[in-house]
>>> print(open('target_38.txt').read())   # compact mmCIF, C-alpha atoms
# COMPACT_ATOMS: atom_id res chain seq x y z
CA MET A 266 50.98 0.62 31.82
CA ARG A 267 47.56 0.96 33.46
CA LYS A 268 44.77 2.29 31.29
CA SER A 269 43.17 5.56 32.32
CA LEU A 270 39.43 5.62 32.89
CA LYS A 271 38.99 7.49 29.61
CA GLN A 272 40.90 4.75 27.77
CA ARG A 273 38.84 2.01 29.46
CA SER A 274 35.66 3.79 28.48
CA SER A 275 36.65 4.30 24.85
CA ASP A 276 35.44 0.82 23.82
CA HIS A 277 31.74 1.53 23.44
CA HIS A 278 30.89 -2.16 22.97
CA ARG A 279 31.79 -3.08 26.54
CA GLY A 280 30.23 -2.01 29.79
CA ILE A 281 32.19 -0.11 32.39
CA TYR A 282 31.62 -0.95 36.04
CA PHE A 283 31.87 0.99 39.31
CA ILE A 284 31.31 0.80 43.04
CA GLY A 285 30.01 4.01 44.61
CA THR A 286 30.89 5.09 48.14
CA THR A 287 31.14 8.15 50.38
CA PRO A 288 34.12 9.50 52.33
CA PRO A 289 34.12 8.90 56.10
CA LYS A 290 32.70 11.57 58.39
CA ILE A 291 34.85 14.68 58.85
CA ASP A 292 35.65 13.92 62.51
CA THR A 293 37.17 10.52 61.61
CA ASP A 294 40.94 10.56 62.20
CA PHE A 295 43.22 9.67 59.29
CA GLU A 296 44.23 6.28 60.68
CA SER A 297 40.56 5.28 60.94
CA VAL A 298 39.88 6.67 57.44
CA SER A 299 42.63 4.41 56.11
CA THR A 300 41.13 1.41 57.95
CA ILE A 301 37.68 2.16 56.52
CA ALA A 302 39.18 2.27 53.01
CA ASP A 303 40.91 -1.07 53.62
CA LYS A 304 37.65 -2.68 54.78
CA LEU A 305 35.81 -1.40 51.70
CA LEU A 306 38.44 -2.72 49.30
CA ALA A 307 38.57 -6.06 51.14
CA ARG A 308 34.85 -6.47 50.43
CA LEU A 309 35.56 -5.83 46.74
CA ASP A 310 38.35 -8.41 46.48
CA GLU A 311 36.06 -11.03 44.98
CA ILE A 312 34.61 -8.89 42.19
CA SER A 313 35.95 -7.42 38.97
CA PHE A 314 35.34 -3.70 38.57
CA ASP A 315 36.77 -0.80 36.58
CA GLY A 316 36.84 1.89 39.23
CA LEU A 317 35.19 3.58 42.19
CA ILE A 318 33.03 6.66 42.56
CA ILE A 319 33.48 8.93 45.59
CA TYR A 320 30.46 11.12 46.32
CA ASP A 321 30.57 14.62 47.74
CA ILE A 322 27.74 14.60 50.28
CA GLN A 323 26.05 17.93 50.94
CA ASP A 324 23.43 19.12 53.41
CA GLU A 325 20.34 19.24 51.18
CA THR A 326 17.82 20.19 53.86
CA SER A 327 17.12 23.48 52.03
CA ARG A 328 15.97 21.49 48.97
CA ILE A 329 13.01 19.84 50.68
CA ASP A 330 10.71 20.53 53.63
CA ALA A 331 10.65 16.94 54.89
CA PRO A 332 13.23 16.13 57.59
CA ARG A 333 16.31 14.17 56.49
CA PRO A 334 15.81 10.51 57.59
CA PHE A 335 19.50 10.16 58.50
CA PRO A 336 21.08 13.27 60.09
CA PHE A 337 23.59 15.07 57.88
CA LYS A 338 27.22 15.16 58.91
CA ALA A 339 30.02 16.59 56.77
CA THR A 340 32.57 14.16 55.33
CA HIS A 341 36.22 14.28 54.36
CA ASP A 342 36.99 15.92 51.02
CA SER A 343 36.07 13.72 48.05
CA GLY A 344 39.37 14.47 46.29
CA THR A 345 41.45 13.51 49.32
CA TYR A 346 39.55 10.26 49.83
CA ALA A 347 39.71 9.52 46.08
CA GLN A 348 43.51 9.76 46.29
CA LEU A 349 43.62 7.30 49.20
CA ILE A 350 41.31 4.81 47.45
CA ASN A 351 43.29 5.11 44.22
CA GLN A 352 46.59 4.48 46.01
CA LYS A 353 45.23 1.45 47.86
CA SER A 354 43.31 -0.12 44.96
CA GLY A 355 45.29 0.92 41.89
CA LYS A 356 41.90 1.59 40.25
CA PRO A 357 40.64 4.79 38.62
CA VAL A 358 38.46 6.86 40.96
CA ILE A 359 35.83 9.42 39.97
CA ALA A 360 35.54 12.22 42.53
CA TYR A 361 32.25 14.08 42.73
CA LYS A 362 32.56 17.75 43.61
CA SER A 363 29.66 19.93 44.67
CA VAL A 364 30.08 23.62 43.88
CA ALA A 365 27.56 24.56 46.59
CA GLY A 366 28.95 27.24 48.86
CA LEU A 367 32.04 27.83 46.70
CA ASP A 368 33.14 30.97 44.91
CA GLU A 369 35.45 31.08 41.89
CA GLN A 370 38.63 31.22 43.95
CA GLY A 371 37.56 28.34 46.18
CA PHE A 372 36.66 26.16 43.19
CA ASN A 373 39.93 26.92 41.39
CA GLU A 374 41.86 26.05 44.54
CA TRP A 375 40.00 22.74 44.81
CA LEU A 376 40.77 21.90 41.16
CA SER A 377 44.48 22.56 41.60
CA ARG A 378 44.62 20.63 44.88
CA ALA A 379 42.71 17.71 43.33
CA TRP A 380 45.04 17.51 40.32
CA TYR A 381 48.45 18.29 41.83
CA GLN A 382 48.13 16.99 45.41
CA ASN A 383 45.47 14.27 45.14
CA SER A 384 46.28 13.04 41.59
CA VAL A 385 42.56 13.14 40.74
CA ARG A 386 41.94 12.89 36.99
CA ASP A 387 38.25 11.96 36.79
CA ILE A 388 35.54 14.23 38.22
CA VAL A 389 31.80 14.89 38.18
CA LEU A 390 30.61 18.38 39.07
CA VAL A 391 27.33 18.83 40.92
CA GLY A 392 25.39 22.07 41.22
CA SER A 393 23.84 23.44 44.37
CA PRO A 394 20.72 21.50 45.46
CA SER A 395 18.98 24.78 46.24
CA THR A 396 19.09 28.40 45.11
CA GLN A 397 18.96 29.32 48.80
CA VAL A 398 22.57 28.24 49.40
CA ALA A 399 24.65 31.37 49.89
CA SER A 400 27.55 32.19 47.55
CA SER A 401 27.09 29.08 45.42
CA LEU A 402 28.95 29.00 42.14
CA PRO A 403 26.53 28.37 39.25
CA LEU A 404 27.31 25.06 37.56
CA ASN A 405 27.86 26.70 34.17
CA ASP A 406 30.43 29.03 35.74
CA ALA A 407 32.17 26.01 37.27
CA TYR A 408 32.33 24.40 33.82
CA ARG A 409 33.83 27.64 32.45
CA LEU A 410 36.51 27.72 35.15
CA LEU A 411 37.27 24.06 34.58
CA ALA A 412 37.73 24.65 30.84
CA ALA A 413 40.19 27.45 31.63
CA HIS A 414 42.16 25.29 34.08
CA SER A 415 45.68 24.33 33.09
CA GLN A 416 44.96 20.57 33.30
CA GLU A 417 42.41 18.44 31.49
CA PHE A 418 40.16 16.38 33.73
CA TYR A 419 37.98 13.54 32.39
CA LEU A 420 34.66 15.22 33.12
CA GLY A 421 31.28 13.64 33.73
CA GLY A 422 27.83 14.94 34.59
CA VAL A 423 24.76 13.80 36.49
CA ALA A 424 21.68 12.47 34.66
CA ILE A 425 18.41 12.79 36.56
CA ALA A 426 15.52 10.75 35.16
CA GLU A 427 13.19 12.25 37.79
CA ARG A 428 13.75 15.68 36.24
CA HIS A 429 12.88 14.24 32.82
CA LEU A 430 9.75 12.72 34.34
CA SER A 431 8.46 16.17 35.30
CA LYS A 432 10.09 18.56 32.80
CA LYS A 433 10.75 16.30 29.76
CA ASN A 434 14.01 18.13 29.02
CA GLU A 435 16.80 16.16 30.71
CA HIS A 436 18.07 14.98 27.31
CA ILE A 437 18.56 18.64 26.32
CA ARG A 438 20.43 19.28 29.56
CA LEU A 439 22.70 16.30 28.83
CA LEU A 440 23.56 17.66 25.40
CA GLY A 441 24.20 21.05 26.98
CA LYS A 442 26.59 19.46 29.47
CA SER A 443 28.49 17.83 26.60
CA THR A 444 29.16 21.28 25.14
CA HIS A 445 30.79 22.10 28.50
CA GLY A 446 33.09 19.08 28.19
CA CYS A 447 31.11 16.27 29.85
CA GLU A 448 32.01 12.92 28.25
CA TYR A 449 29.86 10.59 30.37
CA TYR A 450 26.87 10.77 32.70
CA ILE A 451 26.03 9.00 35.95
CA THR A 452 22.39 8.58 36.93
CA GLN A 453 20.80 8.82 40.33
CA ALA A 454 19.74 5.50 41.83
CA VAL A 455 17.25 3.86 39.46
CA TYR A 456 13.97 2.67 40.96
CA ASN A 457 11.72 3.80 38.10
CA ALA A 458 12.80 1.91 34.97
CA GLN A 459 10.35 3.67 32.66
CA ALA A 460 11.53 7.15 33.67
CA THR A 461 15.11 6.11 32.83
CA ILE A 462 14.03 4.53 29.53
CA ASP A 463 12.12 7.69 28.55
CA MET A 464 15.12 9.90 29.34
CA LEU A 465 17.60 7.74 27.42
CA THR A 466 15.26 7.30 24.44
CA SER A 467 14.84 11.08 24.18
CA TYR A 468 18.61 11.50 24.51
CA ALA A 469 19.35 8.99 21.74
CA GLN A 470 16.79 10.58 19.44
CA GLU A 471 18.20 14.07 20.07
CA CYS A 472 21.75 12.84 19.40
CA GLU A 473 20.64 11.26 16.11
CA LEU A 474 18.82 14.44 15.14
CA ASN A 475 22.02 16.45 15.70
CA ASN A 476 24.33 13.78 14.24
CA ILE A 477 26.11 13.38 17.59
CA LYS A 478 27.43 10.16 19.09
CA PRO A 479 25.81 9.58 22.51
CA ASN A 480 28.03 9.77 25.57
CA ARG A 481 28.27 6.82 27.95
CA ILE A 482 25.50 6.55 30.53
CA ILE A 483 26.41 4.88 33.83
CA LEU A 484 23.28 3.49 35.51
CA THR A 485 23.25 3.58 39.32
CA PHE A 486 21.46 0.97 41.43
CA SER A 487 21.19 0.64 45.20
CA PRO A 488 19.61 -2.03 47.43
CA CYS A 489 16.98 -1.13 50.01
CA GLY A 490 16.53 -3.22 53.14
CA SER A 491 14.18 -1.20 55.34
CA ALA A 492 11.43 1.39 55.46
CA LYS A 493 14.00 3.90 56.76
CA THR A 494 16.28 3.34 53.77
CA LEU A 495 13.31 3.66 51.40
CA GLU A 496 12.33 6.90 53.12
CA PHE A 497 15.88 8.17 52.54
CA ILE A 498 15.78 7.12 48.87
CA ASN A 499 12.57 9.10 48.42
CA TRP A 500 14.02 12.05 50.35
CA LEU A 501 16.98 12.15 47.94
CA GLY A 502 14.51 12.74 45.10
CA VAL A 503 14.65 9.25 43.59
CA SER A 504 11.41 8.24 41.91
CA VAL A 505 10.06 5.04 43.47
CA PRO A 506 6.67 3.96 42.07
CA GLU A 507 4.13 3.27 44.81
CA GLU A 508 3.70 -0.35 43.75
CA THR A 509 7.49 -0.84 43.98
CA SER A 510 7.56 0.57 47.51
CA GLU A 511 4.70 -1.73 48.55
CA ARG A 512 6.38 -4.73 46.92
CA ILE A 513 9.63 -4.18 48.82
CA LEU A 514 8.16 -3.34 52.21
CA SER A 515 5.53 -6.11 52.20
CA ALA A 516 8.09 -8.80 51.29
CA ASP A 517 9.32 -11.29 53.89
CA ASP A 518 12.85 -10.14 53.05
CA PRO A 519 12.75 -6.52 51.77
CA LEU A 520 16.48 -6.48 51.00
CA TYR A 521 16.27 -9.57 48.79
CA GLU A 522 13.12 -8.19 47.15
CA SER A 523 14.88 -4.91 46.35
CA ILE A 524 17.64 -6.84 44.57
CA LYS A 525 14.99 -8.56 42.45
CA VAL A 526 13.41 -5.16 41.71
CA ASN A 527 16.76 -3.69 40.67
CA HIS A 528 17.51 -6.69 38.46
CA SER A 529 14.10 -6.46 36.79
CA ASN A 530 14.58 -2.73 36.23
CA LEU A 531 17.98 -3.28 34.62
CA LEU A 532 16.55 -5.95 32.29
CA GLN A 533 13.80 -3.57 31.18
CA ILE A 534 16.27 -0.75 30.57
CA LEU A 535 18.71 -2.96 28.63
CA ALA A 536 15.93 -4.30 26.40
CA ALA A 537 14.84 -0.78 25.52
CA VAL A 538 18.18 1.03 25.41
CA ILE A 539 20.73 -1.36 23.88
CA PRO A 540 19.16 -0.98 20.40
CA LEU A 541 19.72 2.80 20.74
CA ASN A 542 23.52 2.30 20.69
CA ILE A 543 24.16 4.30 23.84
CA PRO A 544 27.37 3.11 25.57
CA LEU A 545 26.41 1.89 29.03
CA GLY A 546 27.94 1.41 32.44
CA LEU A 547 26.90 0.32 35.89
CA ASN A 548 27.41 1.83 39.34
CA ILE A 549 26.33 0.03 42.50
CA GLU A 550 26.12 1.92 45.78
CA SER A 551 24.83 1.40 49.30
CA LEU A 552 22.97 4.47 50.52
CA THR A 553 23.49 3.56 54.18
CA ASN A 554 26.38 2.21 56.25
CA ARG A 555 24.35 -0.81 57.37
CA LYS A 556 26.47 -3.92 56.93
CA THR A 557 23.61 -5.97 55.48
CA GLU A 558 22.91 -3.37 52.79
CA ILE A 559 26.61 -2.97 51.98
CA ASP A 560 27.00 -6.75 51.63
CA ALA A 561 23.82 -6.90 49.54
CA SER A 562 25.19 -4.21 47.22
CA ILE A 563 28.21 -6.42 46.44
CA LEU A 564 25.98 -9.41 45.68
CA MET A 565 23.72 -7.21 43.56
CA TYR A 566 26.76 -5.91 41.71
CA LYS A 567 27.67 -9.46 40.65
CA LEU A 568 24.15 -10.12 39.39
CA LEU A 569 23.71 -6.84 37.53
CA LYS A 570 27.19 -6.82 36.01
CA GLY A 571 26.68 -10.35 34.69
CA THR A 572 23.32 -9.31 33.27
CA MET A 573 24.73 -6.25 31.49
CA ASP A 574 27.78 -8.15 30.19
CA GLN A 575 25.55 -10.85 28.74
CA ALA A 576 23.17 -8.36 27.11
CA LEU A 577 26.01 -6.36 25.55
CA ALA A 578 27.73 -9.53 24.28
CA GLN A 579 24.44 -10.78 22.78
CA ASN A 580 23.99 -7.43 21.04
CA GLN A 581 27.47 -7.69 19.50
CA ILE A 582 26.70 -11.20 18.27
CA ASP A 583 23.41 -10.01 16.77
CA GLN A 584 25.16 -7.12 15.00
CA PHE A 585 27.84 -9.47 13.68
CA VAL A 586 25.25 -11.90 12.28
CA GLN A 587 23.28 -9.06 10.67
CA SER A 588 26.41 -7.63 9.02
CA ARG A 589 27.36 -10.89 7.27
>>> encode(input="target_38.txt", output="structure tokens")
Amino acid sequence: MRKSLKQRSSDHHRGIYFIGTTPPKIDTDFESVSTIADKLLARLDEISFDGLIIYDIQDETSRIDAPRPFPFKATHDSGTYAQLINQKSGKPVIAYKSVAGLDEQGFNEWLSRAWYQNSVRDIVLVGSPSTQVASSLPLNDAYRLLAAHSQEFYLGGVAIAERHLSKKNEHIRLLGKSTHGCEYYITQAVYNAQATIDMLTSYAQECELNNIKPNRIILTFSPCGSAKTLEFINWLGVSVPEETSERILSADDPLYESIKVNHSNLLQILAAVIPLNIPLGLNIESLTNRKTEIDASILMYKLLKGTMDQALAQNQIDQFVQSR
């Protein structure tokens, strides 16, 4: 019998590993959607991973004045695409769901459709990117409706180090989300290692203060092969230090340089966070549909997964030696 994602994640000594992707554009016919899914999974044939993450892409132009580097176009429903990917891969799939533009009835209908029609069991809820979005369900109300739903989803939340960078309270928000049923958190793409370290250190300290076991944190990384992709990363609200931007864009091969940056960032985070006993995971995504960046994300996945596996195994060995 296949393990559920919750069962896979219950061993806090091992990492848990994901590939992140987005559903095809809404005007893509079903046959083409199926072909796109097949091509994605064919790329993943050579790697070992625990599951996939399907994002729910929203038009965030109201969040920021700067124009979106890549024009927004609606996609197929994350729950529907998650079902297709799950059927084709046999792997657990986390479906993101934005509550932007939904009311209570619409959200309840999505939950029932996701569970009963799409066989979705693992979800991450995302609040509206802007208070200007009409008739958006507040995230706390969505959590309340989810708790009252007849079925029990394995619920995760989003962790935003950039918010901690400016407000210093993301660790409190994470603990608040756990009271609403969140059992794991997925970060935005990491390009500022220190911001992530600060957030996770504060989270671990707050958990210890309240005698709470930390939830698993899944760290997201994404390659960057061009100035346009970097512009998009910044537009999404990801913190990219100026020296990191210059390092990538001035390199002979920006894509290769970005992989080195991501690897260095992961090493820094692991060195600082593993002693805090926070269960960790990894999510690798490509933020564009450029073939070179998608292929690079698979290569980067191999490198970063091997790095995390080795660091976690070394930590177990160290703990074993110390306990003797």
>>> atom_distance(input="target_38.txt", atom1="CA of Leu404 (chain A)", atom2="CA of Gly392 (chain A)")
5.1 Å
>>> residues_near_point(input="target_38.txt", point="(28.2, 28.3, 33.3)", cutoff="12 Å", atoms="only C-alpha atoms", output="list in words")
Val364, Glu369, Leu390, Gly392, Leu402, Pro403, Leu404, Asn405, Asp406, Ala407, Tyr408, Arg409, Leu410, Leu411, Ala412, Gly441, Lys442, Thr444, His445 and Gly446 of chain A
>>> residues_around(input="target_38.txt", residues="Ile451 (chain A)", least_positions_apart="2", cutoff="7 Å", atoms="only C-alpha atoms", output="list in words")
Gly422, Val423, Ala424, Tyr449, Gln453, Ile482, Ile483, Leu484 and Thr485 of chain A
>>> residues_around(input="target_38.txt", residues="Leu568 (chain A)", least_positions_apart="2", cutoff="12 Å", atoms="only C-alpha atoms", output="list in words")
Ile312, Phe486, Ile524, Lys525, Asn527, His528, Ser529, Leu531, Leu532, Leu547, Ile549, Ala561, Ser562, Ile563, Leu564, Met565, Tyr566, Lys570, Gly571, Thr572, Met573, Asp574 and Gln575 of chain A
>>> residues_around(input="target_38.txt", residues="region 384-386 of chain A", least_positions_apart="5", cutoff="7 Å", atoms="all atoms listed in the file", output="VMD selection string")
chain A and resid 344 348 379 418 to 419
>>> closest_residue(input="target_38.txt", among="A:Lys362, A:Arg308, A:His278, A:Arg273", to="Lys556 (chain A)", atoms="all atoms listed in the file")
A:Arg308
>>> closest_residue(input="target_38.txt", among="A:Leu349, A:Leu440, A:Ala576, A:Ile322", to="Ser393 (chain A)", atoms="all atoms listed in the file")
A:Ile322
